[in-house]
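Chemist: Below is a structure I'd like to ask you about.
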Amino acid sequence: MRCTILASGSKGNCTVVEGKTGTILIDAGLSGKELSRRLDLTPVKAPQLDALLITHEHQDHVRGAGVMSRRFDLPVYLTCGTLDNLPSLVGKLPSVQIIQPGTPFKIGDLQIHPFATSHDAGESVGFTIEHESFRLGICTDLGIATQLVKTRLQQCQGLVLEANHDVEMLLNGPYPWELKQRIRSRHGHLSNVDTCELLKALHHDQLRAVVFAHLSEVNNHPDMVLKTYREILQAPEWQDVHFEIGKQYDITPEIELT
């Protein structure tokens, strides 16, 4: 199973996950044109996609969803709450598949399990994706890592986790106080420290790759992420784990679980 993050951040999010007989796009937060361009830079081209999965309805996750679904005849998998709250820019979706948190489904040889997350959206979800004996967890846009989230992300060999903001940068930054409160709330976004604690709880001997995703351009920086995780990066039990930081303007190096 391969996972390639095409874009990660406040200006757009999109991830490709590829098995042997199933290839999915998770979120489509860039324009259709830009998504196609970035896909052309990877082994997976847009016509090879089997489905588009949506985590929630915010524009940085659905901007190109309508274009991609219509242009490449992609069924769109999303919750009822997400469907009901899609922005008008998405337009008509030719094929909609309603998913329910807690109910797994298959696309090709990919077994997908959606789970509820705590975010200011209609019905947001994260995903675990299983292929053969490997498991990948993708979980961004949540204000708190609930026990459900921790349970669903256990025993993953690969993890894509939100590290949205540095708390001091957020509190001392330019955002209005109301927005700062929303980001720090139980329905906002995880800070670097929050994600560090979650990652410690998820560590196991078979963990092989972690991507820190959805960094805020205003309230975070890769250097701040590395500073937070310095203790982990230097600890012996983490030496076999490969770390990446998700990129906004370029493709993040792929995770391969084999």
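As shown in the structure tokens, the chain order sets the letters A, B, ...; within each chain, residues go from 1, and ligands are also counted from 1 in the order they appear.
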Please run DSSP on the backbone and report, as a PyMOL selection string, all residues within range 2-246 of chain A that come out as strand (DSSP E).

Modeler: chain A and resi 2-7+14-18+23-26+51-53+76-78+96-98+105-107+110-116+125-131+134-139+158-162+209-213+242-245

Chemist: Next, dump the selected residues to file, keeping only C-alpha atoms, as a JSON list (two decimals), in the first residue's frame.

Modeler:
```
[["chain", "number", "residue", "atom", "x", "y", "z"],
["A", 2, "ARG", "CA", 1.28, 3.45, -0.93],
["A", 3, "CYS", "CA", 0.18, 6.82, 0.43],
["A", 4, "THR", "CA", 1.10, 10.08, -1.29],
["A", 5, "ILE", "CA", 0.04, 13.46, 0.09],
["A", 6, "LEU", "CA", -0.53, 15.82, -2.82],
["A", 7, "ALA", "CA", -1.22, 18.82, -0.57],
["A", 14, "CYS", "CA", -5.52, 15.84, -0.76],
["A", 15, "THR", "CA", -4.07, 12.34, -0.34],
["A", 16, "VAL", "CA", -3.78, 9.34, -2.67],
["A", 17, "VAL", "CA", -3.85, 5.80, -1.28],
["A", 18, "GLU", "CA", -3.05, 2.94, -3.62],
["A", 23, "THR", "CA", -6.85, 3.52, -5.68],
["A", 24, "ILE", "CA", -8.59, 6.33, -3.80],
["A", 25, "LEU", "CA", -8.33, 10.07, -3.43],
["A", 26, "ILE", "CA", -9.02, 11.32, 0.08],
["A", 51, "ALA", "CA", -13.20, 6.80, -5.86],
["A", 52, "LEU", "CA", -13.05, 10.08, -3.97],
["A", 53, "LEU", "CA", -13.52, 10.04, -0.19],
["A", 76, "VAL", "CA", -17.88, 10.30, -3.99],
["A", 77, "TYR", "CA", -18.00, 8.65, -0.55],
["A", 78, "LEU", "CA", -19.10, 10.94, 2.29],
["A", 96, "VAL", "CA", -22.78, 9.70, -4.25],
["A", 97, "GLN", "CA", -22.13, 6.86, -1.81],
["A", 98, "ILE", "CA", -23.23, 7.59, 1.78],
["A", 105, "PHE", "CA", -16.55, -0.61, 3.25],
["A", 106, "LYS", "CA", -14.27, -1.80, 0.45],
["A", 107, "ILE", "CA", -12.89, -0.21, -2.69],
["A", 110, "LEU", "CA", -8.67, -1.53, 0.25],
["A", 111, "GLN", "CA", -10.72, -2.06, 3.41],
["A", 112, "ILE", "CA", -11.76, 1.36, 4.71],
["A", 113, "HIS", "CA", -13.10, 2.14, 8.17],
["A", 114, "PRO", "CA", -14.47, 5.67, 8.75],
["A", 115, "PHE", "CA", -14.60, 6.96, 12.32],
["A", 116, "ALA", "CA", -16.07, 10.10, 13.85],
["A", 125, "VAL", "CA", -14.54, 11.54, 9.81],
["A", 126, "GLY", "CA", -11.05, 10.13, 9.75],
["A", 127, "PHE", "CA", -10.13, 6.86, 8.03],
["A", 128, "THR", "CA", -8.14, 3.74, 8.64],
["A", 129, "ILE", "CA", -7.27, 1.83, 5.48],
["A", 130, "GLU", "CA", -6.18, -1.79, 5.49],
["A", 131, "HIS", "CA", -4.42, -3.63, 2.69],
["A", 134, "PHE", "CA", -0.89, -3.34, 6.69],
["A", 135, "ARG", "CA", -2.89, -0.51, 8.20],
["A", 136, "LEU", "CA", -2.77, 3.22, 7.54],
["A", 137, "GLY", "CA", -4.50, 5.86, 9.66],
["A", 138, "ILE", "CA", -5.44, 9.30, 8.32],
["A", 139, "CYS", "CA", -6.76, 11.76, 10.88],
["A", 158, "GLY", "CA", 1.56, 4.36, 8.95],
["A", 159, "LEU", "CA", -0.07, 7.49, 10.37],
["A", 160, "VAL", "CA", -1.03, 10.85, 8.91],
["A", 161, "LEU", "CA", -1.81, 13.07, 11.91],
["A", 162, "GLU", "CA", -2.72, 16.72, 12.24],
["A", 209, "ALA", "CA", 6.01, 6.03, 9.19],
["A", 210, "VAL", "CA", 4.40, 9.22, 10.49],
["A", 211, "VAL", "CA", 3.42, 12.33, 8.54],
["A", 212, "PHE", "CA", 2.62, 15.51, 10.45],
["A", 213, "ALA", "CA", -0.14, 17.14, 8.41],
["A", 242, "HIS", "CA", 10.32, 7.52, 9.38],
["A", 243, "PHE", "CA", 8.95, 11.05, 9.88],
["A", 244, "GLU", "CA", 7.75, 13.51, 7.25],
["A", 245, "ILE", "CA", 6.06, 16.92, 7.39]]
```

Chemist: With the cut-off set at 9 Å and counting only C-alpha atoms, tabulate each residue of range 58-145 of chain A with an atom at most that distance from an atom of range 165-186 of chain A, showing the nearest atom pair and its distance in Å to one decimal, ordered by chain and increasing number, as CSV.

Modeler:
```
residue,atom,partner,partner_atom,distance
A:Ser118,CA,A:Arg186,CA,6.6
A:His119,CA,A:Arg186,CA,7.2
A:Asp120,CA,A:Arg182,CA,8.6
A:Leu142,CA,A:Arg186,CA,7.5
A:Gly143,CA,A:Arg186,CA,4.2
A:Ile144,CA,A:Arg186,CA,5.3
A:Ala145,CA,A:Arg186,CA,8.9
```

Chemist: Could you save the residues just selected, with C-alpha atoms, as a PDB file, in the first residue's frame?

Modeler:
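Result saved to result_30.pdb:
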```pdb
ATOM      1  CA  SER A 118     -14.520  16.188  16.757  1.00  0.00           C
ATOM      2  CA  HIS A 119     -14.537  19.169  14.386  1.00  0.00           C
ATOM      3  CA  ASP A 120     -16.769  22.129  13.551  1.00  0.00           C
ATOM      4  CA  LEU A 142     -10.061  17.490  15.020  1.00  0.00           C
ATOM      5  CA  GLY A 143     -10.018  19.487  18.211  1.00  0.00           C
ATOM      6  CA  ILE A 144      -9.479  16.537  20.524  1.00  0.00           C
ATOM      7  CA  ALA A 145      -8.254  12.982  20.150  1.00  0.00           C
TER       8      ALA A 145
END
```

Chemist: Separation of CA of Pro94 in chain A and CA of Arg71 in chain A, in Å?

Modeler: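 Interatomic distance here is 9.9 Å.
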
Chemist: Using only C-alpha atoms, which of the listed residues (A:Thr195, A:Asn164, A:Ser31, A:Ser95) sits closest to Arg70 in chain A?

Modeler: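 Result for the nearest residue to Arg70 in chain A: A:Ser95.
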
Chemist: If you run DSSP on the backbone, which residues of range 11-144 of chain A are alpha helix (DSSP H), as a PyMOL selection string?

Modeler: chain A and resi 32-40+59-62+65-71+80-84

Chemist: Could those residues be written to a file, using C-alpha atoms, as a short mmCIF file (atom, residue, chain, number, x, y, z; two decimals), in the first residue's frame?

Modeler:
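again.cif was written with the following content:
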```cif
data_model
loop_
_atom_site.label_atom_id
_atom_site.label_comp_id
_atom_site.auth_asym_id
_atom_site.auth_seq_id
_atom_site.Cartn_x
_atom_site.Cartn_y
_atom_site.Cartn_z
CA GLY A 32 -9.35 20.21 -10.35
CA LYS A 33 -6.63 21.49 -12.67
CA GLU A 34 -4.02 21.59 -9.92
CA LEU A 35 -5.01 18.17 -8.59
CA SER A 36 -4.62 16.66 -12.04
CA ARG A 37 -1.25 18.37 -12.44
CA ARG A 38 0.05 16.99 -9.15
CA LEU A 39 -1.29 13.52 -9.91
CA ASP A 40 0.66 13.61 -13.18
CA GLN A 59 -13.37 24.25 1.27
CA ASP A 60 -9.76 23.24 1.85
CA HIS A 61 -10.98 19.64 1.54
CA VAL A 62 -13.62 19.86 -1.22
CA ALA A 65 -14.31 17.55 -5.51
CA GLY A 66 -17.05 18.35 -8.01
CA VAL A 67 -14.68 18.86 -10.93
CA MET A 68 -12.75 15.67 -10.21
CA SER A 69 -15.88 13.57 -9.75
CA ARG A 70 -17.46 14.83 -12.99
CA ARG A 71 -14.32 14.81 -15.11
CA CYS A 80 -24.90 12.48 5.26
CA GLY A 81 -23.79 15.42 7.39
CA THR A 82 -21.03 16.28 4.96
CA LEU A 83 -23.30 15.96 1.93
CA ASP A 84 -25.91 18.24 3.51
#
```

Chemist: Could you work out how far CA of Pro43 in chain A lies from CA of Thr55 in chain A, giving the answer in Å with one decimal?

Modeler: 23.7 Å

Chemist: With distances taken over only C-alpha atoms, which of A:Val149, A:Leu207, A:Ala163, A:Met1 is nearest to Thr258 in chain A?

Modeler: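 Of all the options, A:Met1 lies closest to Thr258 in chain A.
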
Chemist: How many Å lie between CA of His221 in chain A and CA of Asn13 in chain A, rounded to one decimal?

Modeler: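 Result for CA of His221 in chain A versus CA of Asn13 in chain A: 17.0 Å, one decimal.
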